[in-house]
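Asks: Below is a structure I'd like to ask you about.
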Amino acid sequence: MFQYDTINNKLKTVIHFKGDLDIEATELFEHQLTPELFQYQDIQINFSKVLFVDSSGIGLLITMINQLRETGKTIVIVQLEPEVKEIFSYLQLPLILGEEVFADL
Amino acid sequence: MGRSIVAKGPTVKEAINTALNLLDVMKDQVDIEIIETEKKGWLGMGSKPAVIRATYRDSSTEQEKQEIKQPTNLKELLTSDIHISEEMEMFGNMIQLTKTSYIRPNSKWMDLDGKVWVKDGQILCKNAPGKYPLVTPDKRIKLYRNHELVVSTVVVDENDSLKVEIEDEVKNPSWQLKMDDSMMSITLTITPGVRIYRKLIDQEPDTNIQLKIIEMRESCPIEMNQVLEKLKEMKGLVGVDYSEIARVCEGEEKGDFLIASGEKPVPGKNGYFVSFKELSIIKGVKERLDGTVDHREIQEFPSVEDGQLIGMIHPPIPGKPGTSVIGEPVMPPEVYPVVIHEGKGVALVENGTKVVATEAGQPQIVTKKQLVKISVVPKLVIRKDVNIETGNVRFVGDVEVHGSVQDGMLIEAHGNVLVRENINMAKVSAGSSIIVHHNIISSEVTAGKDAKITMEMNHLTEEIIVQMKQMVKGIQQLSAVSAFKVSNFAQIGLGPLIKILCDGKFKSFLSDIQSLVKLIEGGKDDLDSEWLEIGESLKRGFMTSTSSDLRSVEHMAQLVRTLEGIQLNNSISTEYTDCYMKVAFSHNSQLYSAGDLMITGQGCYNSKLYAEGFIQIDGYVRGGEIYAAKGIKIKEAGTRGGAATIISVPKDQTIEIKRVMEDTVIQIGPKSHRFDKEMTFISARLNEDGYIYFQ
């Protein structure tokens, strides 16, 4: 079950992802998270509680980040779990989304 | 009780003699009791000496203070304890005395004093004041002195109990029968056995002796009956070589021996297709010594009339079954009939044993293992010129023009084109080869348009196969990471993952797929159905963004295999449709050939020639440009002060010209050379340093 928490401070918005980033998250991503994030400018996504991902989930992430960046927002992904990090580097996400998105990859 | 002595000897007689000598009496003065007769062993092994007891009848004659005590029992007597005697009369015999008994030494054997010797496996010695006999054991001999193991040189005393232990070695043979998995042979594996007997070597009396042993080896044969018994258990009854079993059981050879072999099945022959001989005569194709086809000999394309027999189908001939070593039948490899893929213009008759053309045209026969594709490419024959009257010619098969192709006309054929006269200011393109018996003037002629497409398709397919294989491997690696969930593959397929991969690692992949699919769709009238199917699969699998119908990695791997199969097939048919162009003379024209290009007449004037194969010009080349991917051979090139002539090949090819005029330019790879004077018999290529040199 995928959930997220939003913590707002003056400088940036920190989103904590919790649970598996997979096909089950589709609805939440498309109807809740993405519209919500359009309100903010500097966004940091914390991945420390994401232990499993699947290709659909990664696809959702790519789509969302690309959409947000088109409107000039900055997004950074931090605290990736080692195995998730391995998957992201294998799929060359830094190349697809830009190196700057991955603060610690 | 009178004097009594127990004596041993190889025979009873000798034992008695010993006793008599020792007692120094005559035979009739003693009572003889035979305790044990001698036993003859094998090679001295297991032999036992004769034992007798001699008792002197007249005790009053006892003059010497000798006390002879009898051994308490026979067992003690026969142990190999060494008993030291003080008096030895004969070396040939051994006196067995208890330790307490002794015989006074006889003066004539005084030289034994302080010496030790070995006789009949016994260590004997004699004491002497100030002299100490020494015995050194061998490492293979256990010497016990007074029941204590001796490891190095020791002083022995005649009162010592000396005992040697020598171990014999018996290694039993081992064997094993093994039937191979196909039950066609039985192998006997033998590790031969051996018996090694060891015996103490007799040694002459000396003050110091080193004990030595002698070894005798004896082979241990294998019980053949046991082998045969086992063979029976295995039901190995067919093709058994009994003499071989006997030989290897007796022998000392180590190794695997084939002792039974079944009867191998005789393989049959697959069905096959034979085309009729006349067909190849019609073809008129001659092969050069190196196996390539000499197109120069071809005046006509091969053709069949409708109703003509193309070839015969021979049914498979089954093989003969063999017999396994356990008597079961062994089937020969299965034989398969040819599968005839009836193309256009072909029919099977007489229960599918003969192939007949239903249309006139050029027969095409492509064989791949047991699959034979036969079709007749239809031929359009125009018995006069192609002009306004006939109109442009567009035809799916071959086109034959008995006259000329005139101004402004067009011929587009999927097969071959034969023009018996000239092509004047026209455009001719053929899917395969072109033959023009006379001249091409101010025209554009292309041979092998289809071959060009096939080559492109091959190239794309190759590229796609490589990338898909990497993709399959990549997805497998990714799936091995436990944080990566593959459960969504079953729901929505590989689509999302393929999309990510194509955005990242495999950037050129989608465009390759698109190009190939486009080529397939463009050529759907000519291509085999397998191409159309794979085109559909690729489209559904990769070109529908997220909803790919590929559900698993295995699914993708399967698609790769299908592609590989098609490509193999395709490369065969490319070889078959190896096209060429043959023209007598070319003037102000553009000629393209996907294969070789030959100018057989006067030559070419101010023309542009381009060939993927080899170009050969038997006449002159005056002006224009010539390029051939596989080398160029020209009789005469260049003009005196006329238009520039450029002749080029890739960097690894050769240009040969018999006579080259000044100002002619040759280009080999990146290097070019302009001749400043006329030269003859040149052969130019690049040397190792990348410069043009002339051989």
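Chain identifiers are assigned as A, B, and so on, following the order in which chains appear in the structure tokens; residues are numbered from 1 within each chain, and ligands are numbered from 1 in order of appearance.
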Please check the contacts: residues of chain B at most 10 Å away from chain A, using only C-alpha atoms, listed as a PyMOL selection string.
Replies: chain B and resi 474-475+477-479+481-489+491-506+546
Asks: Take the residues that were just selected and, keeping N, CA and C atoms, output them as an mmCIF file, in the first residue's frame.
Replies:
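The result, written out as selection-v3.cif:
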```
data_model
loop_
_atom_site.group_PDB
_atom_site.id
_atom_site.type_symbol
_atom_site.label_atom_id
_atom_site.label_comp_id
_atom_site.auth_asym_id
_atom_site.auth_seq_id
_atom_site.Cartn_x
_atom_site.Cartn_y
_atom_site.Cartn_z
ATOM 1 N N GLY B 474 18.989 -7.949 -19.639
ATOM 2 C CA GLY B 474 18.828 -6.863 -18.688
ATOM 3 C C GLY B 474 17.628 -7.077 -17.789
ATOM 4 N N ILE B 475 16.499 -7.478 -18.375
ATOM 5 C CA ILE B 475 15.284 -7.683 -17.584
ATOM 6 C C ILE B 475 15.485 -8.842 -16.615
ATOM 7 N N GLN B 477 18.334 -9.700 -15.272
ATOM 8 C CA GLN B 477 19.182 -9.186 -14.181
ATOM 9 C C GLN B 477 18.360 -8.352 -13.214
ATOM 10 N N LEU B 478 17.533 -7.511 -13.778
ATOM 11 C CA LEU B 478 16.710 -6.617 -12.973
ATOM 12 C C LEU B 478 15.765 -7.418 -12.087
ATOM 13 N N SER B 479 15.189 -8.491 -12.669
ATOM 14 C CA SER B 479 14.234 -9.298 -11.915
ATOM 15 C C SER B 479 14.917 -10.002 -10.756
ATOM 16 N N VAL B 481 16.959 -8.615 -8.735
ATOM 17 C CA VAL B 481 17.046 -7.697 -7.589
ATOM 18 C C VAL B 481 15.730 -7.809 -6.831
ATOM 19 N N SER B 482 15.830 -8.144 -5.529
ATOM 20 C CA SER B 482 14.585 -8.476 -4.823
ATOM 21 C C SER B 482 13.669 -7.263 -4.645
ATOM 22 N N ALA B 483 14.227 -6.064 -4.695
ATOM 23 C CA ALA B 483 13.383 -4.882 -4.544
ATOM 24 C C ALA B 483 12.545 -4.607 -5.786
ATOM 25 N N PHE B 484 12.837 -5.359 -6.874
ATOM 26 C CA PHE B 484 12.114 -5.122 -8.108
ATOM 27 C C PHE B 484 10.959 -6.103 -8.230
ATOM 28 N N LYS B 485 9.755 -5.597 -8.254
ATOM 29 C CA LYS B 485 8.580 -6.469 -8.323
ATOM 30 C C LYS B 485 8.219 -6.765 -9.784
ATOM 31 N N VAL B 486 8.044 -8.034 -10.085
ATOM 32 C CA VAL B 486 7.701 -8.399 -11.454
ATOM 33 C C VAL B 486 6.229 -8.772 -11.570
ATOM 34 N N SER B 487 5.506 -8.631 -10.441
ATOM 35 C CA SER B 487 4.110 -9.091 -10.441
ATOM 36 C C SER B 487 3.252 -8.331 -11.445
ATOM 37 N N ASN B 488 3.616 -7.084 -11.764
ATOM 38 C CA ASN B 488 2.763 -6.328 -12.679
ATOM 39 C C ASN B 488 2.916 -6.760 -14.138
ATOM 40 N N PHE B 489 3.959 -7.577 -14.438
ATOM 41 C CA PHE B 489 4.133 -8.041 -15.819
ATOM 42 C C PHE B 489 2.898 -8.802 -16.278
ATOM 43 N N GLN B 491 -0.104 -8.515 -15.269
ATOM 44 C CA GLN B 491 -1.269 -7.648 -15.442
ATOM 45 C C GLN B 491 -1.190 -6.799 -16.697
ATOM 46 N N ILE B 492 -0.068 -6.075 -16.820
ATOM 47 C CA ILE B 492 -0.030 -5.121 -17.934
ATOM 48 C C ILE B 492 1.145 -5.359 -18.886
ATOM 49 N N GLY B 493 1.866 -6.463 -18.691
ATOM 50 C CA GLY B 493 2.925 -6.782 -19.636
ATOM 51 C C GLY B 493 4.203 -5.993 -19.404
ATOM 52 N N LEU B 494 5.115 -6.132 -20.358
ATOM 53 C CA LEU B 494 6.432 -5.525 -20.216
ATOM 54 C C LEU B 494 6.447 -4.060 -20.661
ATOM 55 N N GLY B 495 5.294 -3.597 -21.152
ATOM 56 C CA GLY B 495 5.220 -2.263 -21.741
ATOM 57 C C GLY B 495 5.931 -1.161 -20.974
ATOM 58 N N PRO B 496 5.539 -0.916 -19.706
ATOM 59 C CA PRO B 496 6.171 0.187 -18.982
ATOM 60 C C PRO B 496 7.692 0.035 -18.896
ATOM 61 N N LEU B 497 8.139 -1.189 -18.679
ATOM 62 C CA LEU B 497 9.572 -1.431 -18.563
ATOM 63 C C LEU B 497 10.271 -1.179 -19.898
ATOM 64 N N ILE B 498 9.651 -1.656 -20.989
ATOM 65 C CA ILE B 498 10.235 -1.437 -22.312
ATOM 66 C C ILE B 498 10.354 0.062 -22.581
ATOM 67 N N LYS B 499 9.345 0.782 -22.159
ATOM 68 C CA LYS B 499 9.366 2.221 -22.393
ATOM 69 C C LYS B 499 10.552 2.859 -21.658
ATOM 70 N N ILE B 500 10.734 2.458 -20.387
ATOM 71 C CA ILE B 500 11.850 3.020 -19.617
ATOM 72 C C ILE B 500 13.176 2.638 -20.270
ATOM 73 N N LEU B 501 13.285 1.368 -20.687
ATOM 74 C CA LEU B 501 14.525 0.899 -21.303
ATOM 75 C C LEU B 501 14.810 1.658 -22.590
ATOM 76 N N CYS B 502 13.761 1.896 -23.378
ATOM 77 C CA CYS B 502 13.966 2.587 -24.651
ATOM 78 C C CYS B 502 14.293 4.064 -24.428
ATOM 79 N N ASP B 503 13.798 4.625 -23.306
ATOM 80 C CA ASP B 503 14.152 6.008 -23.000
ATOM 81 C C ASP B 503 15.598 6.099 -22.544
ATOM 82 N N GLY B 504 16.067 5.015 -21.908
ATOM 83 C CA GLY B 504 17.418 5.070 -21.353
ATOM 84 C C GLY B 504 18.418 4.306 -22.189
ATOM 85 N N LYS B 505 18.553 3.023 -21.845
ATOM 86 C CA LYS B 505 19.632 2.226 -22.432
ATOM 87 C C LYS B 505 19.521 1.984 -23.929
ATOM 88 N N PHE B 506 18.297 1.825 -24.430
ATOM 89 C CA PHE B 506 18.154 1.379 -25.814
ATOM 90 C C PHE B 506 17.505 2.468 -26.665
ATOM 91 N N THR B 546 2.443 1.840 -23.855
ATOM 92 C CA THR B 546 2.489 1.124 -22.583
ATOM 93 C C THR B 546 1.780 -0.228 -22.598
#
```
Asks: Which residues, written as number ranges by chain, have at least one atom at most 6 Å from Val665 in chain B, with only C-alpha atoms counted and residues fewer than 4 positions away on the same chain left out?
Replies: B: 646, 673-674
Asks: Convert the current residue selection to file output with N, CA, C and O atoms, as a PDB file, in the first residue's frame.
Replies:
```
ATOM      1  N   ILE B 646      36.824   8.911 -62.990  1.00  0.00           N
ATOM      2  CA  ILE B 646      37.121   8.598 -61.591  1.00  0.00           C
ATOM      3  C   ILE B 646      36.704   7.155 -61.306  1.00  0.00           C
ATOM      4  O   ILE B 646      35.563   6.759 -61.565  1.00  0.00           O
ATOM      5  N   HIS B 673      44.681   8.952 -56.386  1.00  0.00           N
ATOM      6  CA  HIS B 673      45.906   9.112 -57.188  1.00  0.00           C
ATOM      7  C   HIS B 673      45.511   9.512 -58.608  1.00  0.00           C
ATOM      8  O   HIS B 673      44.599   8.949 -59.196  1.00  0.00           O
ATOM      9  N   ARG B 674      46.210  10.548 -59.112  1.00  0.00           N
ATOM     10  CA  ARG B 674      45.953  10.967 -60.482  1.00  0.00           C
ATOM     11  C   ARG B 674      47.144  10.551 -61.332  1.00  0.00           C
ATOM     12  O   ARG B 674      48.290  10.860 -60.985  1.00  0.00           O
TER      13      ARG B 674
END
```
Asks: Can you pull out the residues contacting Lys12 in chain A? Cut-off 7 Å, using only C-alpha atoms, and skip same-chain residues under 3 positions away; I want them as a JSON list (two decimals) with N, CA and C atoms, in the first residue's frame.
Replies:
```json
[["chain", "number", "residue", "atom", "x", "y", "z"],
["A", 8, "ASN", "N", 5.80, 20.83, 4.73],
["A", 8, "ASN", "CA", 6.10, 22.10, 4.09],
["A", 8, "ASN", "C", 6.93, 22.97, 5.02],
["A", 9, "ASN", "N", 8.04, 23.50, 4.50],
["A", 9, "ASN", "CA", 8.67, 24.59, 5.24],
["A", 9, "ASN", "C", 8.86, 25.73, 4.26],
["A", 42, "ASP", "N", 9.84, 24.05, -5.04],
["A", 42, "ASP", "CA", 11.01, 23.20, -4.79],
["A", 42, "ASP", "C", 10.56, 21.95, -4.05],
["A", 43, "ILE", "N", 10.71, 20.84, -4.72],
["A", 43, "ILE", "CA", 10.17, 19.60, -4.15],
["A", 43, "ILE", "C", 11.30, 18.59, -3.91]]
```
Asks: May I have all residues of range 4-104 of chain A that DSSP, computed from the backbone, assigns to alpha helix (DSSP H), given as a ChimeraX atom specification?
Replies: /A:26-28,34-37,55-70,82-90,93-97
Asks: Skipping near chain neighbours, those fewer than 5 positions away, what residues fall within 12 Å of Val14 in chain A using only C-alpha atoms, listed as a ChimeraX atom specification?
Replies: /A:4-9,37,40-47,74-78
